Every structure is written in C-alpha cells, then in structure tokens.
Amino acid sequence: MKVNSPKSSRKFSNGNDFTHLLLMALPLAALLTGGALWAGYQLGIEAGAPDSNGQMAAFGLQQETGRQHRELEQARQQARAHLDAMALRLGVMQAKLLRMEALGEQLVKIGELDPSEFNFDEPPPQGGLESSEDAISVELPELFTEMDLLSRNIADRTHKLELMQGMIVDGKIQENLQPDGRPVEKGWISSNYGYRKDPFNGKKTFHRGVDIASKRGSPVHAVASGVVMEARRKSGYGYHIEINHADGLVTKYAHNSAIFVEPGDLVEKGDIIGLVGSSGRSTGPHVHFEITHNGKSVNPAKYLE
C-alpha cells in the first residue's frame, strides 16, 4: 500500500484554498462593479441636469423669438394694409380733383372769365410762419379722418360744379335758340314790318317781315340755333330758307342768291346759311327776314335789337 508524501498533500490543499478564495472574491468584485456602475449612473444624471435646464432655456428663447417675429410680421402686414388703403383713397381723390379741374376750366371758358385768375395748373397761394418746436405730427387715424372729410368735400364741390355747368350750358343753349341779332353783318333796314305800299304796284299791303339791304354776295347768318325745315326756291321769296327753333319760333330768310343748307340740317347761331341776293320778287339785293311764333307772324324788330 502506497502512502502519499507530505509535499504532494500540501500542494493539493493549497489548490483548494485558492479556489475557495476565488469563489469568495467573485461576489465582492460583482458588488464593487455594480456599485461603480450605480455611482456612474448617478453622476451622469447629476452631470446631465444642467444641460437639460440649458436646453429648456434655449427652447423658451426660441419660442419668444418666434412670437416676436410673428407680431412684427403682423404689424408689417397691418401697416401695408393701411398704406394700400391710403393709396386707394388718394387715387380716388386725385381722379375727383382732375374732374373738378376739367369742370373749372370749362366754366372759365363758358363764363368768359380771366384764365389767369383761375389757373388750375398751379396750387392756390398760401403762406405762413415756420413750424414751431411744439408742432404736433398728424397721427394715422387723424389723417384718415381728414382724408374722408376732404373726399366728401370734393364730391360735394364736384356735384355743385356739374350743376352750375348744366345751368350755364342750358342757359347758353337756350340763349342760342332764341333769335337775336341781324342775319347780315352790314346793312340797313329798307322796309319795316307791317302795312306798306307794295314796291311793284303801289297798293297797301301787309309786309310780314323786315327787309335788310346789303351788298350782293354778303354772307347770311342764322340768328339762332335750330333745324332747317325748308331750303328751296319758293314763289315770291326766291331762294328761301326756313329754320325751326325752340318754343315754336321759326325764322325765314328770302331772296338769297345761294343756299348752303338742306332740310334736316342742324345749324348753330352764326352759321352761314346763304348769300345775299335778289331772287324772287325783289327790286335789289337784300334779305327778307321773317319770324313766326306758333304759326303767327311777329315783328322781328325786337329780335333784331
């Protein structure tokens, strides 16, 4: 029977002791490792806390900047809308002012006023001292109010000017429709209205017009605006012109040497309608000027004056 030596027995015993120590050290190492990891985790949380607050602060600043940007953009849009509205109102006012200027120029011409006193191309004369230090700038709402008031005033003045223009034009038209003046520029009355001795037989007859002696070939003018009713050769009258005017008035021009109008023509006061002659029953160049009112003969004397 073999007996183990003490050396080999000691070696075996030492191996068991090392294994036993290793098994005892493993839990301790795991515990230490876990503690280190836990400490690192806590340190990471503590170290990350300041970064989280910084991110929150940066996010809040970004939100505030965005809000201010939106408010600024909204203010810009409102300002643009105000400017567009103001530009539109100014455009309307400018158009109305141009209309007023045109009406004013027409009234100056119609009324035969001095154009130098009513020059619409120049601003009205104004003056005054320089603005003082306490001068106040006009606010936008006040400016809009003044523009509205000015626009209403312009519309009112334009309406009144149009009424004045209509009245003046209607008056001028009415005046032109009324017979006024002589049918020839130069001449003299050779026979009056009423009873007279006939130049051909000496008998007393009624003369329905006035005879105005003038140079042969002189222009014969319409004494009022109207519509030509007759323009032809007529027995006794020779080359005869008849013009219809307002209010039942009719003017007649006889013994012409030439006629320049036709029935249906619209003539204005002063237009040349023929030439002085001696056609028809006449003893010499003259114009037989006759006026009727609603078909009845009237004395042309008051119209000649």
# chains A, B, ... in the order shown; residues from 1 in each chain; ligands from 1

call {"tool": "closest_atom_pairs", "arguments": {"of": "range 151-203 of chain A", "to": "range 267-281 of chain A", "cutoff": "9 Å", "atoms": "only C-alpha atoms", "output": "tab-separated table"}}
result
residue	atom	partner	partner_atom	distance
A:Asn176	CA	A:Lys269	CA	5.9
A:Leu177	CA	A:Lys269	CA	7.6
A:Pro179	CA	A:Lys269	CA	8.4
A:Asp180	CA	A:Lys269	CA	8.8
A:Pro183	CA	A:Gly270	CA	8.3
A:Val184	CA	A:Val276	CA	8.4
A:Phe200	CA	A:Arg281	CA	8.9

call {"tool": "select_by_dssp", "arguments": {"residues": "range 73-276 of chain A", "states": "helix (DSSP H, G or I)", "output": "PyMOL selection string"}}
result
chain A and resi 73-110+115-118+140-177+246-248

call {"tool": "select_by_dssp", "arguments": {"residues": "range 76-303 of chain A", "states": "strand (DSSP E)", "output": "number ranges by chain"}}
result
A: 188-191, 194-197, 204-207, 209-213, 219-221, 226-234, 238-244, 249-259, 266-267, 272-276, 286-293, 296-298

call {"tool": "closest_residue", "arguments": {"among": "A:Leu161, A:Ala254, A:Val223, A:Leu61", "to": "Glu101 in chain A", "atoms": "only C-alpha atoms"}}
result
A:Leu161

call {"tool": "atom_distance", "arguments": {"atom1": "CA of Gly226 in chain A", "atom2": "CA of His245 in chain A"}}
result
4.6 Å
